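Containing PDB, C-alpha atoms: final08.pdb.
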```
ATOM      1  CA  HIS A   1       0.000   0.000   0.000
ATOM      2  CA  ARG A   2       1.430   3.339  -0.947
ATOM      3  CA  LYS A   3       1.955   6.048   1.602
ATOM      4  CA  ASN A   4       0.619   9.528   1.023
ATOM      5  CA  GLN A   5       3.207  12.261   0.824
ATOM      6  CA  ASP A   6       3.459  15.743  -0.582
ATOM      7  CA  GLU A   7       5.503  15.884  -3.725
ATOM      8  CA  SER A   8       9.147  16.771  -3.284
ATOM      9  CA  LYS A   9      10.928  18.796  -5.940
ATOM     10  CA  LYS A  10      14.705  19.093  -5.991
ATOM     11  CA  LYS A  11      17.224  20.733  -8.296
ATOM     12  CA  LYS A  12      20.801  19.657  -8.677
ATOM     13  CA  GLY A  13      23.354  21.484 -10.789
ATOM     14  CA  LYS A  14      26.227  19.728 -12.508
ATOM     15  CA  ASP A  15      28.951  21.488 -14.443
ATOM     16  CA  ARG A  16      30.373  19.495 -17.290
ATOM     17  CA  SER A  17      34.070  19.634 -18.063
ATOM     18  CA  LEU A  18      35.075  21.949 -20.882
ATOM     19  CA  GLY A  19      33.853  20.484 -24.149
ATOM     20  CA  LYS A  20      36.041  19.721 -27.124
ATOM     21  CA  GLY A  21      36.214  22.219 -29.919
ATOM     22  CA  LYS A  22      35.877  25.299 -27.689
ATOM     23  CA  SER A  23      38.230  28.175 -28.416
ATOM     24  CA  GLU A  24      41.151  28.895 -26.096
ATOM     25  CA  ASP A  25      40.101  32.569 -26.037
ATOM     26  CA  ALA A  26      36.662  31.681 -24.711
ATOM     27  CA  ARG A  27      38.150  29.473 -22.009
ATOM     28  CA  SER A  28      40.631  32.114 -20.880
ATOM     29  CA  GLU A  29      37.948  34.805 -20.496
ATOM     30  CA  GLN A  30      35.477  32.840 -18.436
ATOM     31  CA  LYS A  31      35.325  32.784 -14.684
ATOM     32  CA  LEU A  32      33.259  30.479 -12.523
ATOM     33  CA  ASP A  33      32.834  30.775  -8.789
ATOM     34  CA  PHE A  34      30.847  28.581  -6.443
ATOM     35  CA  GLY A  35      29.096  30.209  -3.530
ATOM     36  CA  ASN A  36      26.387  29.725  -0.920
ATOM     37  CA  GLU A  37      28.118  26.657   0.542
ATOM     38  CA  GLY A  38      28.098  24.738  -2.716
ATOM     39  CA  LYS A  39      24.576  25.699  -3.741
ATOM     40  CA  SER A  40      25.168  28.368  -6.384
ATOM     41  CA  VAL A  41      27.170  29.037  -9.538
ATOM     42  CA  ILE A  42      28.401  32.567 -10.179
ATOM     43  CA  VAL A  43      29.374  33.414 -13.758
ATOM     44  CA  SER A  44      31.359  36.477 -14.764
ATOM     45  CA  ASP A  45      33.718  37.636 -17.507
ATOM     46  CA  GLY A  46      35.295  40.818 -18.804
ATOM     47  CA  GLY A  47      32.454  41.559 -21.205
ATOM     48  CA  ASN A  48      28.689  41.751 -20.915
ATOM     49  CA  ILE A  49      28.143  39.131 -18.243
ATOM     50  CA  ARG A  50      28.925  40.170 -14.695
ATOM     51  CA  ASN A  51      28.227  38.113 -11.616
ATOM     52  CA  LYS A  52      25.164  36.232 -12.723
ATOM     53  CA  SER A  53      24.215  33.842  -9.963
ATOM     54  CA  TYR A  54      22.282  30.574 -10.379
ATOM     55  CA  ASN A  55      20.996  28.820  -7.270
ATOM     56  CA  PHE A  56      20.397  25.090  -6.791
ATOM     57  CA  ASP A  57      19.868  22.622  -3.963
ATOM     58  CA  ARG A  58      23.408  21.444  -4.646
ATOM     59  CA  VAL A  59      26.140  22.149  -7.194
ATOM     60  CA  PHE A  60      28.599  19.508  -8.394
ATOM     61  CA  ARG A  61      31.806  21.142  -9.539
ATOM     62  CA  PRO A  62      33.912  19.950 -12.472
ATOM     63  CA  GLY A  63      35.734  16.853 -11.279
ATOM     64  CA  SER A  64      32.824  15.518  -9.223
ATOM     65  CA  THR A  65      32.531  11.752  -9.460
ATOM     66  CA  GLN A  66      29.632   9.658 -10.690
ATOM     67  CA  GLU A  67      29.442   8.090  -7.232
ATOM     68  CA  GLN A  68      29.042  11.498  -5.593
ATOM     69  CA  MET A  69      26.263  12.324  -8.025
ATOM     70  CA  PHE A  70      24.393   9.106  -7.321
ATOM     71  CA  ASP A  71      24.721   9.325  -3.533
ATOM     72  CA  ALA A  72      23.348  12.884  -3.453
ATOM     73  CA  VAL A  73      20.805  12.693  -6.274
ATOM     74  CA  ALA A  74      19.380   9.194  -6.577
ATOM     75  CA  LYS A  75      20.175   6.975  -3.612
ATOM     76  CA  SER A  76      17.325   8.202  -1.415
ATOM     77  CA  THR A  77      14.902   8.055  -4.368
ATOM     78  CA  VAL A  78      15.614   4.333  -4.839
ATOM     79  CA  GLN A  79      14.979   3.786  -1.147
ATOM     80  CA  ASP A  80      11.655   5.630  -1.427
ATOM     81  CA  VAL A  81      10.588   3.492  -4.403
ATOM     82  CA  MET A  82      11.149   0.416  -2.247
ATOM     83  CA  LYS A  83       8.764   1.944   0.302
ATOM     84  CA  GLY A  84       6.003   2.281  -2.296
ATOM     85  CA  TYR A  85       6.538   5.749  -3.723
ATOM     86  CA  ASN A  86       7.024   6.745  -7.344
ATOM     87  CA  GLY A  87      10.351   8.320  -8.197
ATOM     88  CA  THR A  88      11.540  10.327 -11.186
ATOM     89  CA  ILE A  89      15.031  11.546 -12.030
ATOM     90  CA  PHE A  90      15.580  13.856 -15.015
ATOM     91  CA  ALA A  91      18.750  15.061 -16.664
ATOM     92  CA  TYR A  92      18.037  18.430 -18.275
ATOM     93  CA  GLY A  93      20.285  20.797 -20.212
ATOM     94  CA  GLN A  94      21.412  21.992 -23.604
ATOM     95  CA  THR A  95      22.675  19.571 -26.209
ATOM     96  CA  GLY A  96      26.199  18.374 -25.518
ATOM     97  CA  SER A  97      26.166  19.288 -21.811
ATOM     98  CA  GLY A  98      26.642  15.751 -20.482
ATOM     99  CA  LYS A  99      23.108  14.505 -19.782
ATOM    100  CA  THR A 100      23.523  11.031 -21.270
ATOM    101  CA  TYR A 101      26.829  10.501 -19.485
ATOM    102  CA  THR A 102      25.232  11.615 -16.219
ATOM    103  CA  MET A 103      22.296   9.220 -16.601
ATOM    104  CA  PHE A 104      23.905   6.215 -18.301
ATOM    105  CA  GLY A 105      27.645   6.731 -18.033
ATOM    106  CA  LEU A 106      29.852   3.909 -19.250
ATOM    107  CA  LEU A 107      29.830   0.321 -18.040
ATOM    108  CA  ASP A 108      33.532  -0.288 -18.732
ATOM    109  CA  LYS A 109      34.417   0.286 -15.090
ATOM    110  CA  LYS A 110      32.565   1.058 -11.895
ATOM    111  CA  SER A 111      33.706   4.677 -11.593
ATOM    112  CA  ASN A 112      32.148   5.525 -14.980
ATOM    113  CA  LYS A 113      28.687   4.131 -14.267
ATOM    114  CA  GLY A 114      25.941   6.741 -14.351
ATOM    115  CA  ILE A 115      22.794   7.197 -12.314
ATOM    116  CA  ILE A 116      20.747   4.520 -14.102
ATOM    117  CA  PRO A 117      23.083   1.516 -13.683
ATOM    118  CA  ARG A 118      23.785   2.594 -10.108
ATOM    119  CA  CYS A 119      20.022   2.723  -9.447
ATOM    120  CA  ALA A 120      19.717  -0.834 -10.782
ATOM    121  CA  GLU A 121      22.447  -2.055  -8.440
ATOM    122  CA  ALA A 122      21.036  -0.165  -5.444
ATOM    123  CA  LEU A 123      17.569  -1.556  -6.093
ATOM    124  CA  PHE A 124      18.671  -5.187  -6.040
ATOM    125  CA  ASP A 125      20.979  -4.576  -3.070
ATOM    126  CA  GLY A 126      18.073  -3.009  -1.226
ATOM    127  CA  ILE A 127      15.817  -5.967  -1.923
ATOM    128  CA  LYS A 128      18.493  -8.397  -0.776
ATOM    129  CA  ASN A 129      19.068  -6.527   2.481
ATOM    130  CA  ALA A 130      15.472  -5.478   3.182
ATOM    131  CA  ASN A 131      14.307  -5.732   6.781
ATOM    132  CA  VAL A 132      10.662  -6.295   5.912
ATOM    133  CA  GLU A 133       9.442  -9.818   5.312
ATOM    134  CA  VAL A 134       9.224  -9.983   1.548
ATOM    135  CA  GLU A 135       7.713 -13.121   0.072
ATOM    136  CA  GLU A 136       7.911 -12.297  -3.631
ATOM    137  CA  VAL A 137       9.496  -9.558  -5.699
ATOM    138  CA  PHE A 138       8.766  -8.688  -9.312
ATOM    139  CA  ILE A 139      10.773  -6.159 -11.312
ATOM    140  CA  LYS A 140       9.570  -5.229 -14.788
ATOM    141  CA  VAL A 141      11.429  -2.818 -17.028
ATOM    142  CA  SER A 142      10.287  -0.971 -20.132
ATOM    143  CA  PHE A 143      12.236   1.492 -22.259
ATOM    144  CA  VAL A 144      10.522   4.047 -24.494
ATOM    145  CA  GLU A 145      11.444   7.190 -26.368
ATOM    146  CA  ILE A 146       9.463  10.251 -27.391
ATOM    147  CA  TYR A 147      10.459  11.358 -30.873
ATOM    148  CA  GLN A 148       8.682  14.376 -32.363
ATOM    149  CA  GLU A 149       5.850  13.883 -29.844
ATOM    150  CA  ALA A 150       5.363  10.242 -30.921
ATOM    151  CA  LEU A 151       5.861   7.420 -28.430
ATOM    152  CA  ARG A 152       8.128   4.572 -29.562
ATOM    153  CA  ASP A 153       9.073   1.283 -27.911
ATOM    154  CA  LEU A 154      12.860   0.978 -27.869
ATOM    155  CA  LEU A 155      12.618  -2.716 -26.951
ATOM    156  CA  ASN A 156      10.170  -3.560 -29.710
ATOM    157  CA  PRO A 157      10.402  -0.830 -32.392
ATOM    158  CA  LYS A 158       8.369  -2.833 -34.913
ATOM    159  CA  GLY A 159       5.613  -3.744 -32.482
ATOM    160  CA  LYS A 160       2.129  -2.349 -32.059
ATOM    161  CA  LYS A 161       1.600   1.382 -31.761
ATOM    162  CA  LEU A 162       1.990   2.584 -28.205
ATOM    163  CA  ARG A 163      -0.916   4.363 -26.541
ATOM    164  CA  ILE A 164      -1.137   6.248 -23.276
ATOM    165  CA  ARG A 165      -4.023   5.012 -21.168
ATOM    166  CA  GLU A 166      -5.456   6.257 -17.909
ATOM    167  CA  SER A 167      -7.366   3.706 -15.852
ATOM    168  CA  ARG A 168     -10.459   4.994 -14.120
ATOM    169  CA  ASN A 169      -9.126   4.710 -10.571
ATOM    170  CA  GLY A 170      -5.564   3.657 -11.220
ATOM    171  CA  PRO A 171      -2.313   4.846 -12.719
ATOM    172  CA  THR A 172      -1.453   6.080 -16.182
ATOM    173  CA  TYR A 173       0.189   3.361 -18.259
ATOM    174  CA  ILE A 174       1.582   2.716 -21.740
ATOM    175  CA  GLU A 175      -0.449   0.192 -23.672
ATOM    176  CA  ASN A 176       1.461  -2.319 -25.866
ATOM    177  CA  SER A 177       4.903  -1.479 -24.477
ATOM    178  CA  LYS A 178       7.217  -4.441 -24.011
ATOM    179  CA  GLU A 179       8.074  -5.199 -20.398
ATOM    180  CA  VAL A 180      11.054  -7.342 -19.453
ATOM    181  CA  TYR A 181      11.262  -9.183 -16.137
ATOM    182  CA  CYS A 182      14.679  -8.612 -14.554
ATOM    183  CA  SER A 183      16.295 -10.634 -11.786
ATOM    184  CA  CYS A 184      19.675  -8.868 -11.497
ATOM    185  CA  PRO A 185      21.382  -5.623 -12.548
ATOM    186  CA  ASP A 186      22.883  -7.294 -15.628
ATOM    187  CA  ASP A 187      19.369  -7.928 -16.928
ATOM    188  CA  ILE A 188      18.667  -4.193 -16.748
ATOM    189  CA  TYR A 189      21.987  -3.432 -18.452
ATOM    190  CA  LYS A 190      20.903  -5.659 -21.352
ATOM    191  CA  VAL A 191      17.589  -3.804 -21.605
ATOM    192  CA  ILE A 192      19.464  -0.482 -21.765
ATOM    193  CA  ASP A 193      21.902  -1.770 -24.380
ATOM    194  CA  ASN A 194      19.145  -3.188 -26.579
ATOM    195  CA  GLY A 195      17.058  -0.034 -26.308
ATOM    196  CA  ASN A 196      19.852   2.431 -27.000
ATOM    197  CA  LYS A 197      20.548   0.712 -30.327
ATOM    198  CA  HIS A 198      17.192   2.018 -31.581
ATOM    199  CA  ARG A 199      17.314   5.536 -30.151
ATOM    200  CA  ALA A 200      17.126   8.495 -32.552
ATOM    201  CA  VAL A 201      20.412  10.436 -32.763
ATOM    202  CA  SER A 202      21.958  12.737 -35.359
ATOM    203  CA  SER A 203      24.724  15.285 -35.751
ATOM    204  CA  THR A 204      24.423  19.036 -35.157
ATOM    205  CA  ASP A 205      27.002  21.808 -35.019
ATOM    206  CA  MET A 206      27.016  21.485 -31.222
ATOM    207  CA  ASN A 207      27.029  17.692 -30.823
ATOM    208  CA  SER A 208      28.059  14.960 -33.264
ATOM    209  CA  GLN A 209      25.854  12.419 -31.455
ATOM    210  CA  SER A 210      22.918  14.549 -30.358
ATOM    211  CA  SER A 211      19.910  12.705 -28.936
ATOM    212  CA  ARG A 212      16.866  13.748 -30.936
ATOM    213  CA  SER A 213      14.404  12.193 -28.528
ATOM    214  CA  HIS A 214      13.608  11.857 -24.839
ATOM    215  CA  SER A 215      14.218   8.385 -23.451
ATOM    216  CA  VAL A 216      12.505   7.052 -20.333
ATOM    217  CA  LEU A 217      13.534   3.848 -18.599
ATOM    218  CA  ILE A 218      10.660   2.708 -16.394
ATOM    219  CA  ILE A 219      11.349   0.241 -13.576
ATOM    220  CA  ASN A 220       8.223  -1.138 -11.887
ATOM    221  CA  LEU A 221       8.753  -2.823  -8.527
ATOM    222  CA  VAL A 222       6.153  -5.034  -6.837
ATOM    223  CA  GLN A 223       6.850  -6.521  -3.394
ATOM    224  CA  ARG A 224       4.453  -9.003  -1.846
ATOM    225  CA  LEU A 225       4.875  -9.243   1.910
ATOM    226  CA  ARG A 226       4.165 -12.224   4.128
ATOM    227  CA  ASN A 227       1.430 -10.326   5.969
ATOM    228  CA  GLY A 228      -0.567 -10.137   2.730
ATOM    229  CA  THR A 229       0.152  -6.513   1.870
ATOM    230  CA  GLN A 230       1.787  -5.329  -1.329
ATOM    231  CA  LEU A 231       4.168  -2.465  -2.023
ATOM    232  CA  GLU A 232       4.275  -0.992  -5.517
ATOM    233  CA  GLY A 233       6.706   1.640  -6.684
ATOM    234  CA  SER A 234       7.847   2.962 -10.035
ATOM    235  CA  LEU A 235      11.226   4.487 -10.855
ATOM    236  CA  ASN A 236      11.294   6.664 -13.976
ATOM    237  CA  LEU A 237      14.718   7.595 -15.292
ATOM    238  CA  ALA A 238      14.651  10.151 -18.090
ATOM    239  CA  ASP A 239      17.461  11.256 -20.387
ATOM    240  CA  LEU A 240      15.913  14.312 -21.997
ATOM    241  CA  ALA A 241      16.847  15.556 -25.434
ATOM    242  CA  GLY A 242      18.900  18.736 -25.244
ATOM    243  CA  SER A 243      17.330  22.153 -25.394
ATOM    244  CA  GLU A 244      18.674  23.986 -28.438
ATOM    245  CA  ARG A 245      19.285  27.477 -29.726
ATOM    246  CA  LEU A 246      18.740  27.194 -33.442
ATOM    247  CA  ASP A 247      21.227  29.954 -34.205
ATOM    248  CA  ARG A 248      23.972  27.717 -32.800
ATOM    249  CA  THR A 249      22.978  24.239 -33.972
ATOM    250  CA  HIS A 250      22.235  25.483 -37.524
ATOM    251  CA  VAL A 251      19.828  22.632 -38.152
ATOM    252  CA  THR A 252      17.424  22.774 -41.098
ATOM    253  CA  GLY A 253      14.694  20.617 -42.564
ATOM    254  CA  LYS A 254      14.115  17.463 -40.512
ATOM    255  CA  GLY A 255      16.564  18.618 -37.851
ATOM    256  CA  LEU A 256      14.717  21.900 -37.448
ATOM    257  CA  LYS A 257      11.419  20.105 -36.904
ATOM    258  CA  GLU A 258      13.069  17.821 -34.346
ATOM    259  CA  ALA A 259      14.483  20.801 -32.463
ATOM    260  CA  GLN A 260      11.133  22.584 -32.396
ATOM    261  CA  LYS A 261       9.390  19.501 -30.987
ATOM    262  CA  ILE A 262      12.141  19.037 -28.389
ATOM    263  CA  ASN A 263      11.877  22.625 -27.182
ATOM    264  CA  GLN A 264       8.078  22.437 -27.168
ATOM    265  CA  SER A 265       8.133  19.309 -25.017
ATOM    266  CA  LEU A 266      10.670  20.752 -22.578
ATOM    267  CA  SER A 267       8.551  23.891 -22.207
ATOM    268  CA  ALA A 268       5.522  21.742 -21.365
ATOM    269  CA  LEU A 269       7.545  19.891 -18.727
ATOM    270  CA  GLY A 270       8.646  23.182 -17.186
ATOM    271  CA  ASN A 271       5.052  24.422 -17.112
ATOM    272  CA  CYS A 272       3.912  21.282 -15.269
ATOM    273  CA  ILE A 273       6.687  21.489 -12.690
ATOM    274  CA  ASN A 274       5.950  25.187 -12.082
ATOM    275  CA  ALA A 275       2.240  24.454 -11.723
ATOM    276  CA  LEU A 276       2.924  21.658  -9.227
ATOM    277  CA  THR A 277       4.927  24.003  -7.021
ATOM    278  CA  GLU A 278       2.040  26.491  -6.845
ATOM    279  CA  ARG A 279      -0.166  25.323  -4.000
ATOM    280  CA  LYS A 280      -3.249  27.215  -5.164
ATOM    281  CA  ARG A 281      -2.956  25.965  -8.755
ATOM    282  CA  GLY A 282      -5.927  23.758  -9.631
ATOM    283  CA  HIS A 283      -5.165  22.591 -13.165
ATOM    284  CA  ILE A 284      -1.878  20.884 -14.028
ATOM    285  CA  PRO A 285      -1.309  20.797 -17.833
ATOM    286  CA  PHE A 286      -0.116  17.186 -18.051
ATOM    287  CA  ARG A 287      -1.826  16.714 -21.411
ATOM    288  CA  ASP A 288       0.262  19.372 -23.145
ATOM    289  CA  SER A 289       2.930  16.846 -24.140
ATOM    290  CA  VAL A 290       3.512  13.110 -24.410
ATOM    291  CA  LEU A 291       6.359  13.311 -21.893
ATOM    292  CA  THR A 292       4.257  14.875 -19.148
ATOM    293  CA  ARG A 293       1.341  12.521 -19.841
ATOM    294  CA  ILE A 294       3.346   9.334 -19.355
ATOM    295  CA  LEU A 295       5.033  10.769 -16.247
ATOM    296  CA  LYS A 296       1.856  12.183 -14.725
ATOM    297  CA  ASP A 297       1.877   9.808 -11.743
ATOM    298  CA  ALA A 298       5.615  10.238 -11.255
ATOM    299  CA  LEU A 299       5.527  14.039 -11.160
ATOM    300  CA  GLY A 300       2.602  14.736  -8.868
ATOM    301  CA  GLY A 301       1.026  13.183  -5.808
ATOM    302  CA  ASN A 302       2.722  10.089  -4.401
ATOM    303  CA  SER A 303       6.115  10.849  -5.898
ATOM    304  CA  LYS A 304       9.640  12.123  -5.447
ATOM    305  CA  THR A 305      11.161  14.096  -8.311
ATOM    306  CA  VAL A 306      14.760  15.190  -8.837
ATOM    307  CA  LEU A 307      15.907  17.432 -11.693
ATOM    308  CA  VAL A 308      19.607  17.355 -12.585
ATOM    309  CA  VAL A 309      20.626  20.432 -14.566
ATOM    310  CA  CYS A 310      23.659  19.676 -16.746
ATOM    311  CA  CYS A 311      25.551  22.727 -17.955
ATOM    312  CA  SER A 312      28.809  23.490 -19.703
ATOM    313  CA  PRO A 313      31.068  26.076 -18.027
ATOM    314  CA  ASP A 314      32.450  27.264 -21.349
ATOM    315  CA  LEU A 315      31.839  30.950 -22.061
ATOM    316  CA  SER A 316      30.446  30.211 -25.522
ATOM    317  CA  ASP A 317      27.665  28.214 -23.858
ATOM    318  CA  ILE A 318      26.783  31.078 -21.511
ATOM    319  CA  THR A 319      26.637  34.117 -23.774
TER     320      THR A 319
END
```
Is it possible to give me this structure as structure tokens?
Amino acid sequence: HRKNQDESKKKKGKDRSLGKGKSEDARSEQKLDFGNEGKSVIVSDGGNIRNKSYNFDRVFRPGSTQEQMFDAVAKSTVQDVMKGYNGTIFAYGQTGSGKTYTMFGLLDKKSNKGIIPRCAEALFDGIKNANVEVEEVFIKVSFVEIYQEALRDLLNPKGKKLRIRESRNGPTYIENSKEVYCSCPDDIYKVIDNGNKHRAVSSTDMNSQSSRSHSVLIINLVQRLRNGTQLEGSLNLADLAGSERLDRTHVTGKGLKEAQKINQSLSALGNCINALTERKRGHIPFRDSVLTRILKDALGGNSKTVLVVCCSPDLSDIT
């Protein structure tokens, strides 16, 4: 049985290391300071920008490790999912700012693993070491992408068309999406690997491997206890497509349409989050985008939500 709790909204800021292809002049002019006990980024230079301050719940400086990110951003969310809450973790930022590395990382060695594989490991470790008397555990994983406001199944791209359904008294769900039962972290790694092979990417002037879609890995956890009760929690892990300034990406044609849809979807997400933080707000515009519709139950109500803002500290990405 799920516990009732007010929604928690958190912001985390992560500075990405200086990207390749940036001019030495731009790097030499920039200046970054970190204030407010590690909760703000202060940007200044010798030109038009002077002491702009951006505040977050926590700032991760260049050189922060993937482990530090996970411990501060996601560890408690996994624990809450095991207690029956819904959890959502987003990586948001402009194209090329390090979102995919933050969420997925690399599996070549432990230090490079991102939030998602670390969540998988923490989930199974938590089940193994749980104090409650668990009789049965079921973990189902699905992996979808939103490309130009169309929902696609990354695990079964040639399958039936996906539809968003809302049960009368239950949760929102994706009809026809393939769900894979997983019994260990490696099973989830395989799901990620298979899904990423079908994800939409293309090259822009800012990123040679720019994600042109939002991807959402959905982990559903069901725990049946010996006393007859059942705990259900859902962990939604989203790698959002990068927000783009068209005057910098120089995309045209198909790429332009992709960028417009990406920016439209991100605006809708921002509107929903802002509406949820306004206590007197009655209507939440979940239906304004596919992304906010499928994450409706994970954004409001019985949920915990963390937004990781990925940003490049290079001056050319600030001006």
*Residues picked by the PyMOL selection byres ((chain A and resi 274) around 12) here, as JSON, numbers by chain?*
{"A": [9, 267, 268, 269, 270, 271, 272, 273, 275, 276, 277, 278, 279, 280, 281, 283, 284, 285, 286, 299, 300]}
Restricting the output to C-alpha atoms, write the selected residues as a PDB file, keeping the file's coordinate frame.
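Output (selection.pdb):
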```
ATOM      1  CA  LYS A   9      10.928  18.796  -5.940  1.00  0.00           C
ATOM      2  CA  SER A 267       8.551  23.891 -22.207  1.00  0.00           C
ATOM      3  CA  ALA A 268       5.522  21.742 -21.365  1.00  0.00           C
ATOM      4  CA  LEU A 269       7.545  19.891 -18.727  1.00  0.00           C
ATOM      5  CA  GLY A 270       8.646  23.182 -17.186  1.00  0.00           C
ATOM      6  CA  ASN A 271       5.052  24.422 -17.112  1.00  0.00           C
ATOM      7  CA  CYS A 272       3.912  21.282 -15.269  1.00  0.00           C
ATOM      8  CA  ILE A 273       6.687  21.489 -12.690  1.00  0.00           C
ATOM      9  CA  ALA A 275       2.240  24.454 -11.723  1.00  0.00           C
ATOM     10  CA  LEU A 276       2.924  21.658  -9.227  1.00  0.00           C
ATOM     11  CA  THR A 277       4.927  24.003  -7.021  1.00  0.00           C
ATOM     12  CA  GLU A 278       2.040  26.491  -6.845  1.00  0.00           C
ATOM     13  CA  ARG A 279      -0.166  25.323  -4.000  1.00  0.00           C
ATOM     14  CA  LYS A 280      -3.249  27.215  -5.164  1.00  0.00           C
ATOM     15  CA  ARG A 281      -2.956  25.965  -8.755  1.00  0.00           C
ATOM     16  CA  HIS A 283      -5.165  22.591 -13.165  1.00  0.00           C
ATOM     17  CA  ILE A 284      -1.878  20.884 -14.028  1.00  0.00           C
ATOM     18  CA  PRO A 285      -1.309  20.797 -17.833  1.00  0.00           C
ATOM     19  CA  PHE A 286      -0.116  17.186 -18.051  1.00  0.00           C
ATOM     20  CA  LEU A 299       5.527  14.039 -11.160  1.00  0.00           C
ATOM     21  CA  GLY A 300       2.602  14.736  -8.868  1.00  0.00           C
TER      22      GLY A 300
END
```
Counting all atoms listed in the file, what are the residues of range 111-133 of chain A within 9 Å of range 75-89 of chain A, and for each of them which pair of atoms is the nearest and at what distance in Å, to one decimal? Sort the table by chain and rising number, as CSV.
```
residue,atom,partner,partner_atom,distance
A:Ile115,CA,A:Ile89,CA,8.9
A:Arg118,CA,A:Lys75,CA,8.6
A:Cys119,CA,A:Val78,CA,6.6
A:Ala120,CA,A:Val78,CA,8.9
A:Ala122,CA,A:Val78,CA,7.1
A:Leu123,CA,A:Val78,CA,6.3
A:Gly126,CA,A:Gln79,CA,7.5
A:Ile127,CA,A:Met82,CA,7.9
```
*Would you kindly translate the PyMOL selection byres ((chain A and resi 131-133) around 8) into the concrete residues it picks from this file, as a list in words?*
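Here the PyMOL selection byres ((chain A and resi 131-133) around 8) matches Asn129, Ala130, Val134, Glu135, Leu225 and Arg226 of chain A.
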_Nearest-residue call for Cys182 in chain A, choices A:Glu37, A:Glu145, A:Glu121, A:Asp288, using all atoms listed in the file_ =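 Answer, going by the shortest atom-to-atom distance: A:Glu121.
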_Applying the PyMOL selection byres ((chain A and resi 148-151) around 10) to the file I just gave you, which residues come out? Please list them as a PyMOL selection string._
chain A and resi 144-147+152-154+161-164+174+177+212-215+257-262+264-265+289-291+294
*How many Å lie between CA of Asp108 in chain A and CA of Pro185 in chain A, rounded to one decimal?*
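Here the two named atoms are 14.6 Å from each other.
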*What is the distance between CA of Gly63 in chain A and CA of Val191 in chain A, in Å to one decimal?*
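Answer for the CA of Gly63 in chain A to CA of Val191 in chain A separation: 29.4 Å.
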